[in-house]
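For reference, the structure is listed below as structure tokens.
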Amino acid sequence: MSPVVLNLIETILNGLMAGVMYSLVALGFVLIFKASGIFNFAQGVMALFAALTLVGLQTGQVPFAHLINAVLGTNLHSFGWTLPAFAAVIGTLLVMVLFAYLFEALVLKHLVNQEPIILFMATIGLAYFLEGFGDLMWGSDVKTMDVGIPSGGSFWWEDVTLGWVAEGSDYYGMYIDRLDVVAAVVAVVLVIVLTIFSQYTRMGRALRAVADDHQAALSVGISLRTIWVVVWSIAGFVALVAGIMWGSKSGVQFSLSLIALKALPVLILGGFTSIPGAIVGGLIIGVGEKLAEIYVGPMVGGAVENWFAYVVALAFLLFRPQGLFGERIIERV
Amino acid sequence: MRLKTTLATAAIATVMGVAPAMADLVFPGLSYRTGPYAPNGIPFADGYADYMTLINERDGGLEGVKIKLIECETGYNTEKGVECYESTKGEGSLIYQPLSTGITYQLIPKATADNIPVHSMGYGRTSAADGTVFPWIFNYPATYWDGASIAINHILDLEGGNINGKKISLVYHNSAYGKEPIRTLEELGKKHGYQLTLYPVDHPGQEQKATWLQIRRDRPDYVLMWGWGVMNSVAVQEAANIRFPMDHFIGVWWSGSENDVLPAGDGANGYKALALANPGSDYPIYADLKKYVHDAGKAAGDGSHAGEVLYNRGMYAALLAVEAARKAMEIHNTKDLTPAMIRDGMEALEITNETMTNLGLPDFGPEFKVTCANHGGSGLGKVQQWDASAKEWKVITDWIAADREVIDALIKEDAEAYAKENNITPRTCE
């Protein structure tokens with residue numbers, strides 16, 4: 001096979017993998033929007049907060065150490081222990097559930113029946129609050145995420161693909177990052193788990209009922225407040241997964257909250273209410289931007305992938321405003 | 001009535017407490033302790049503040065005059081930076097350290113009109129090194145263009161003086177900052193015969209897969225980086241992922257902090273970066289910092305950044321500001337300084353090894369002399385290399401000089417163009 005073709009395949013494969021990483025963020029948006037009609041501006045910050053909490057718990061960091069030291073004059077930094085990754089993940093999940101409960105009790109409960117824009121504004125407030133709270137709790141240093149996920153190119157895959165070209169060709173084998181492969185597997189498992197939860201559990205059915213019609217769900221005895229806590233907890237779990245993957249890639253730092261920007265074109269394309277849409281949208285955006293960067297970028301000076309993703313999304317918006325898998329909006333007048 | 005009197009007294013006392021005493025030396029610090037770039041902004045701001053505190057606590061101020069540091073949070077946002085400038089310039093501010101190329105660009109006309117000096121140390125507009133066109137802007141001890149040339153000179157050293165036909169790539173932050181070295185690298189490419197390839201990365205640089213796939217295919221001999229924030233750590237990680245030889249990957253001094261390499265773990269081993277000053281805390285001044293600032297509970301942060309690259313840089317920036325003020329006192333024979341006097345002090349600043357030794361930082365930074373015409377200093381830099389097992393930077397070269405023949409010509413050309421665009425008549429320096 002020609003190296004040119006193999007390079008094209010490599011670009012598409014890496015685009016698909018990058019798309020999965022975007023989908024992981026987009027999934028959190030979809031879950032909350034589906035269940036409550038809220039566009040959660042804070043999803044990116046939730047991923048950051050979850051990742052900070054995970055690393056903090058794992059490394060035995062004292063939360064609010066800076067504040068405590070400033071007030072009490074102590075010199076606390078670490079508990080002196082390290083937790084295994086699994087225990088830290090469980091601990092972080094509990095924190096995210098607590099966060100969901102508190103957000104429902106302190107904010108959402110008081111905004112029932114408000115316009116969606118009010119709820120959206122509340123999530124903007126939440127984003128800024130959570131970013132500052134995360135800073136206060138865990139500090140703003142760059143932290144290393146180490147939960148045992150392998151990273152770096154796969155030698156095995158390089159060797160396999162090296163055999164696909166004629167000997168003496170200027171080709172070095174196909175590159176695939178092992179972290180991206182793990183992320184793809186995790187995303188598949190996540191979608192399966194979420195689908196099973198949504199289709200086959202009592203809570204999942206209640207969640208879908210609320211998503212379909214709040215008033216009708218309330219009339220048959222489904223507690224909206226419980227559903228919101230559950231949904232925000234699940235979104236917290238998805239944020240944790242996204243935080244782990246992105247944190248392993250770049251270290252845990254406050255720019256992690258900006259990964260939400262990568263999810264927006266995915267949502268526009270896949271639709272705000274579809275879990276498969278988030279996945280397929282991510283894949284299309286991932287492949288599209290990588291192809292654009294590598295094959296169009298050099299002709300126009302490069303750095304096209306960020307805005308190209310939005311161009312793709314906008315093009316879809318023109319033809320399918322509800323996204324690929326979104327529910328069609330029909331209004332009779 | 002008694003309550004009103006008490007409140008009024010308290011209010012007056014508060015106002016008096018906030019307002020600076022006449023003779024205070026006011027140094028504003030445009031810092032960023034929040035937002036995506038906070039991990040880099042905090043150590044710099046801590047180093048800057050701690051040095052000022054040290055001068056106050058250990059020496060009772062500069063020549064007996066207390067220093068007042070006014071921090072203003074910019075979030076590394078240009079608009080906020082300009083707001084900070086506007087809100088602090090009336091407080092008697094003597095010298096600005098904007099800590100952002102974008103903010104510096106905005107402040108160049110403003111500070112020039114207000115007659116307040118700006119020190120963009122190792123960043124900002126490179127041609128501001130021409131003091132005849134930019135009388136209020138300084139960027140010593142070295143500029144971005146010096147940095148580009150120092151990196152190429154280091155590569156020349158490694159390649160035995162011949163890089164004709166070599167492929168050198170630049171991965172850069174797609175902003176005014178990141179684009180700064182391009183012209184210099186192009187000019188040096190003409191001189192030395194290497195082939196330059198450019199890879200822009202958009203803010204924030206969290207996703208660089210496509211860039212590094214291209215680098216993997218193009219196989220450059222060396223990769224240079226002009227990055228900031230998360231872009232640096234992602235680039236180092238991606239370079240390690242594609243198994244690019246890390247000792248052939250060289251970042252500018254803003255791509256060479258601990259934050260940039262720690263997330264990549266062992267993969268970052270061997271990565272190189274330029275250095276404006278030495279890393280580490282093995283200097284006599286640190287004993288004083290510990291005694292008078294950190295242990296006394298007067299540090300700006302928790303002290304955990306002491307000795308880090310960016311902490312040292314912040315401390316160095318403060319030291320240069322203080323020394324300029326000292327020089328200004330000497331020249332004008334007064335302790336009641338104005339921004340114009342500080343500017344005179346900056347233009348007469350001479351940093352020698354003896355000066356640095358006396359200040360507790362022997363062999364820390366380069367020797368340099370600022371003049372009316374040369375605001376860029378000596379343009380010297382070192383190369384440091386990351387040792388992942390020891391988790392520390394190791395300086396691997398002596399001071400490397402930039403190619404003055406190329407750089408000075410570029411500075412002159414750009415400064416002249418700026419003067420023409422803005423109807424500035426360059427002043428005469430004698």
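The chains in the structure tokens are called A, B, ... from first to last as shown; in each chain the residues are counted from 1, and the ligands are counted from 1 in the order shown.
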
Near region 116-126 of chain A, within 8 Å and counting only C-alpha atoms, which residues show up once chain neighbours fewer than 4 positions away are dropped, as a PyMOL selection string? chain A and resi 37-42+107-108+111+130

Dump all heavy atoms for the selected residues as a PDB file, in the first residue's frame?
ATOM      1  N   GLY A  37     -33.439  19.912  30.187  1.00  0.00           N
ATOM      2  CA  GLY A  37     -33.502  21.036  29.254  1.00  0.00           C
ATOM      3  C   GLY A  37     -32.507  22.131  29.584  1.00  0.00           C
ATOM      4  O   GLY A  37     -32.586  23.234  29.067  1.00  0.00           O
ATOM      5  N   ILE A  38     -31.547  21.804  30.464  1.00  0.00           N
ATOM      6  CA  ILE A  38     -30.552  22.817  30.842  1.00  0.00           C
ATOM      7  C   ILE A  38     -29.285  22.601  30.025  1.00  0.00           C
ATOM      8  O   ILE A  38     -28.751  21.487  29.977  1.00  0.00           O
ATOM      9  CB  ILE A  38     -30.184  22.718  32.341  1.00  0.00           C
ATOM     10  CG1 ILE A  38     -31.430  22.912  33.203  1.00  0.00           C
ATOM     11  CG2 ILE A  38     -29.122  23.737  32.712  1.00  0.00           C
ATOM     12  CD1 ILE A  38     -31.180  22.640  34.686  1.00  0.00           C
ATOM     13  N   PHE A  39     -28.810  23.687  29.397  1.00  0.00           N
ATOM     14  CA  PHE A  39     -27.497  23.605  28.769  1.00  0.00           C
ATOM     15  C   PHE A  39     -26.483  23.923  29.854  1.00  0.00           C
ATOM     16  O   PHE A  39     -26.389  25.056  30.322  1.00  0.00           O
ATOM     17  CB  PHE A  39     -27.377  24.597  27.603  1.00  0.00           C
ATOM     18  CG  PHE A  39     -26.027  24.556  26.958  1.00  0.00           C
ATOM     19  CD1 PHE A  39     -25.718  23.553  26.053  1.00  0.00           C
ATOM     20  CD2 PHE A  39     -25.048  25.478  27.285  1.00  0.00           C
ATOM     21  CE1 PHE A  39     -24.457  23.485  25.477  1.00  0.00           C
ATOM     22  CE2 PHE A  39     -23.784  25.411  26.720  1.00  0.00           C
ATOM     23  CZ  PHE A  39     -23.489  24.418  25.805  1.00  0.00           C
ATOM     24  N   ASN A  40     -25.742  22.883  30.284  1.00  0.00           N
ATOM     25  CA  ASN A  40     -24.861  23.027  31.435  1.00  0.00           C
ATOM     26  C   ASN A  40     -23.514  23.621  31.044  1.00  0.00           C
ATOM     27  O   ASN A  40     -22.584  22.905  30.676  1.00  0.00           O
ATOM     28  CB  ASN A  40     -24.666  21.662  32.107  1.00  0.00           C
ATOM     29  CG  ASN A  40     -23.739  21.762  33.304  1.00  0.00           C
ATOM     30  OD1 ASN A  40     -23.573  22.838  33.873  1.00  0.00           O
ATOM     31  ND2 ASN A  40     -23.141  20.648  33.677  1.00  0.00           N
ATOM     32  N   PHE A  41     -23.417  24.922  31.172  1.00  0.00           N
ATOM     33  CA  PHE A  41     -22.187  25.640  30.832  1.00  0.00           C
ATOM     34  C   PHE A  41     -21.011  25.155  31.686  1.00  0.00           C
ATOM     35  O   PHE A  41     -19.855  25.307  31.305  1.00  0.00           O
ATOM     36  CB  PHE A  41     -22.429  27.138  31.068  1.00  0.00           C
ATOM     37  CG  PHE A  41     -21.321  28.028  30.606  1.00  0.00           C
ATOM     38  CD1 PHE A  41     -21.210  28.379  29.266  1.00  0.00           C
ATOM     39  CD2 PHE A  41     -20.387  28.531  31.495  1.00  0.00           C
ATOM     40  CE1 PHE A  41     -20.178  29.211  28.827  1.00  0.00           C
ATOM     41  CE2 PHE A  41     -19.353  29.362  31.065  1.00  0.00           C
ATOM     42  CZ  PHE A  41     -19.265  29.696  29.732  1.00  0.00           C
ATOM     43  N   ALA A  42     -21.317  24.548  32.831  1.00  0.00           N
ATOM     44  CA  ALA A  42     -20.254  24.177  33.775  1.00  0.00           C
ATOM     45  C   ALA A  42     -19.671  22.792  33.527  1.00  0.00           C
ATOM     46  O   ALA A  42     -18.825  22.341  34.307  1.00  0.00           O
ATOM     47  CB  ALA A  42     -20.799  24.254  35.205  1.00  0.00           C
ATOM     48  N   VAL A 107     -29.568  25.443  44.532  1.00  0.00           N
ATOM     49  CA  VAL A 107     -29.817  26.268  43.346  1.00  0.00           C
ATOM     50  C   VAL A 107     -31.038  25.799  42.557  1.00  0.00           C
ATOM     51  O   VAL A 107     -32.034  26.523  42.429  1.00  0.00           O
ATOM     52  CB  VAL A 107     -28.565  26.298  42.427  1.00  0.00           C
ATOM     53  CG1 VAL A 107     -28.817  27.165  41.196  1.00  0.00           C
ATOM     54  CG2 VAL A 107     -27.348  26.799  43.176  1.00  0.00           C
ATOM     55  N   LEU A 108     -30.955  24.563  42.044  1.00  0.00           N
ATOM     56  CA  LEU A 108     -31.997  24.112  41.111  1.00  0.00           C
ATOM     57  C   LEU A 108     -33.387  24.125  41.736  1.00  0.00           C
ATOM     58  O   LEU A 108     -34.373  24.515  41.101  1.00  0.00           O
ATOM     59  CB  LEU A 108     -31.664  22.704  40.593  1.00  0.00           C
ATOM     60  CG  LEU A 108     -30.472  22.610  39.638  1.00  0.00           C
ATOM     61  CD1 LEU A 108     -30.218  21.161  39.245  1.00  0.00           C
ATOM     62  CD2 LEU A 108     -30.703  23.450  38.391  1.00  0.00           C
ATOM     63  N   LEU A 111     -35.207  27.148  41.353  1.00  0.00           N
ATOM     64  CA  LEU A 111     -35.398  27.662  39.997  1.00  0.00           C
ATOM     65  C   LEU A 111     -36.367  26.806  39.176  1.00  0.00           C
ATOM     66  O   LEU A 111     -36.403  26.913  37.957  1.00  0.00           O
ATOM     67  CB  LEU A 111     -34.040  27.727  39.270  1.00  0.00           C
ATOM     68  CG  LEU A 111     -33.008  28.687  39.863  1.00  0.00           C
ATOM     69  CD1 LEU A 111     -31.699  28.586  39.118  1.00  0.00           C
ATOM     70  CD2 LEU A 111     -33.510  30.117  39.846  1.00  0.00           C
ATOM     71  N   LEU A 130     -17.347  27.057  40.695  1.00  0.00           N
ATOM     72  CA  LEU A 130     -16.643  25.781  40.832  1.00  0.00           C
ATOM     73  C   LEU A 130     -15.154  25.926  40.510  1.00  0.00           C
ATOM     74  O   LEU A 130     -14.312  25.283  41.121  1.00  0.00           O
ATOM     75  CB  LEU A 130     -17.294  24.750  39.895  1.00  0.00           C
ATOM     76  CG  LEU A 130     -17.161  23.281  40.282  1.00  0.00           C
ATOM     77  CD1 LEU A 130     -17.683  23.029  41.680  1.00  0.00           C
ATOM     78  CD2 LEU A 130     -17.908  22.395  39.285  1.00  0.00           C
TER      79      LEU A 130
END

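Near chain A, within 6 Å and using only C-alpha atoms, the residues of chain B are B:Pro36, B:Pro39, B:Pro200, B:Val201, B:Asp202, B:Ala210, B:Ser233, B:Val234, B:Asn241, B:Ile242, B:Asn259, B:Pro263.
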
Near Ile285 (chain A), within 7 Å and counting only C-alpha atoms, which residues show up once chain neighbours fewer than 6 positions away are dropped, as an MDAnalysis selection string? chainID A and resid 19 266 309

All residues 8 Å or closer to Ala299 (chain B), only C-alpha atoms, same chain fewer than 4 positions away omitted, as a list in words: Asp46, Ala49, Asp50, Thr53, Val293, His294 and Gly303 of chain B

Mind writing the picked residues with N, CA and C atoms as a PDB file, in the first residue's frame?
ATOM      1  N   ASP B  46       4.637  35.440  42.804  1.00  0.00           N
ATOM      2  CA  ASP B  46       5.183  35.176  44.151  1.00  0.00           C
ATOM      3  C   ASP B  46       6.633  35.636  44.241  1.00  0.00           C
ATOM      4  N   ALA B  49       6.766  39.472  44.258  1.00  0.00           N
ATOM      5  CA  ALA B  49       6.308  40.045  45.531  1.00  0.00           C
ATOM      6  C   ALA B  49       7.277  39.726  46.669  1.00  0.00           C
ATOM      7  N   ASP B  50       7.778  38.492  46.704  1.00  0.00           N
ATOM      8  CA  ASP B  50       8.647  38.089  47.820  1.00  0.00           C
ATOM      9  C   ASP B  50       9.945  38.891  47.833  1.00  0.00           C
ATOM     10  N   THR B  53       9.161  42.202  49.308  1.00  0.00           N
ATOM     11  CA  THR B  53       8.975  42.039  50.761  1.00  0.00           C
ATOM     12  C   THR B  53      10.324  41.897  51.454  1.00  0.00           C
ATOM     13  N   VAL B 293      11.086  36.337  54.923  1.00  0.00           N
ATOM     14  CA  VAL B 293       9.814  36.323  54.175  1.00  0.00           C
ATOM     15  C   VAL B 293       9.009  35.052  54.445  1.00  0.00           C
ATOM     16  N   HIS B 294       9.569  33.907  54.079  1.00  0.00           N
ATOM     17  CA  HIS B 294       8.786  32.670  54.182  1.00  0.00           C
ATOM     18  C   HIS B 294       8.515  32.277  55.632  1.00  0.00           C
ATOM     19  N   GLY B 303       5.210  29.431  49.556  1.00  0.00           N
ATOM     20  CA  GLY B 303       6.655  29.164  49.516  1.00  0.00           C
ATOM     21  C   GLY B 303       7.026  27.932  48.723  1.00  0.00           C
TER      22      GLY B 303
END

Suppose you want the space between CA of Asp247 (chain B) and CA of Gly178 (chain B); what is it in Å?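 Value for the CA of Asp247 (chain B)-CA of Gly178 (chain B) distance: 21.3 Å.
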
Using the chain letters and numbers from this document, which residues of region 119-339 of chain B does DSSP assign to strand (DSSP E or B), as number ranges by chain? B: 119, 130, 137-138, 167-173, 195-201, 222-226, 249-251, 272-275

Would you give me, as JSON, numbers by chain, the residues in region 45-290 of chain A that DSSP reads as helix (DSSP H, G or I)? {"A": [45, 46, 47, 48, 49, 50, 51, 52, 53, 54, 55, 56, 57, 58, 65, 66, 67, 68, 69, 70, 71, 72, 85, 86, 87, 88, 89, 90, 91, 92, 93, 94, 95, 96, 97, 98, 99, 100, 101, 102, 103, 104, 105, 106, 108, 109, 110, 111, 116, 117, 118, 119, 120, 121, 122, 123, 124, 125, 126, 127, 128, 129, 130, 131, 132, 133, 134, 135, 136, 137, 138, 155, 156, 157, 158, 159, 160, 161, 162, 178, 179, 180, 181, 182, 183, 184, 185, 186, 187, 188, 189, 190, 191, 192, 193, 194, 195, 196, 197, 198, 199, 200, 202, 203, 204, 205, 206, 207, 208, 209, 210, 211, 212, 214, 215, 216, 217, 218, 219, 224, 225, 226, 227, 228, 229, 230, 231, 232, 233, 234, 235, 236, 237, 238, 239, 240, 241, 242, 243, 244, 245, 246, 247, 248, 249, 250, 254, 255, 256, 257, 258, 259, 260, 261, 262, 263, 264, 265, 266, 267, 268, 269, 270, 275, 276, 277, 278, 279, 280, 281, 282, 283, 284, 285, 286, 287, 288, 289, 290]}
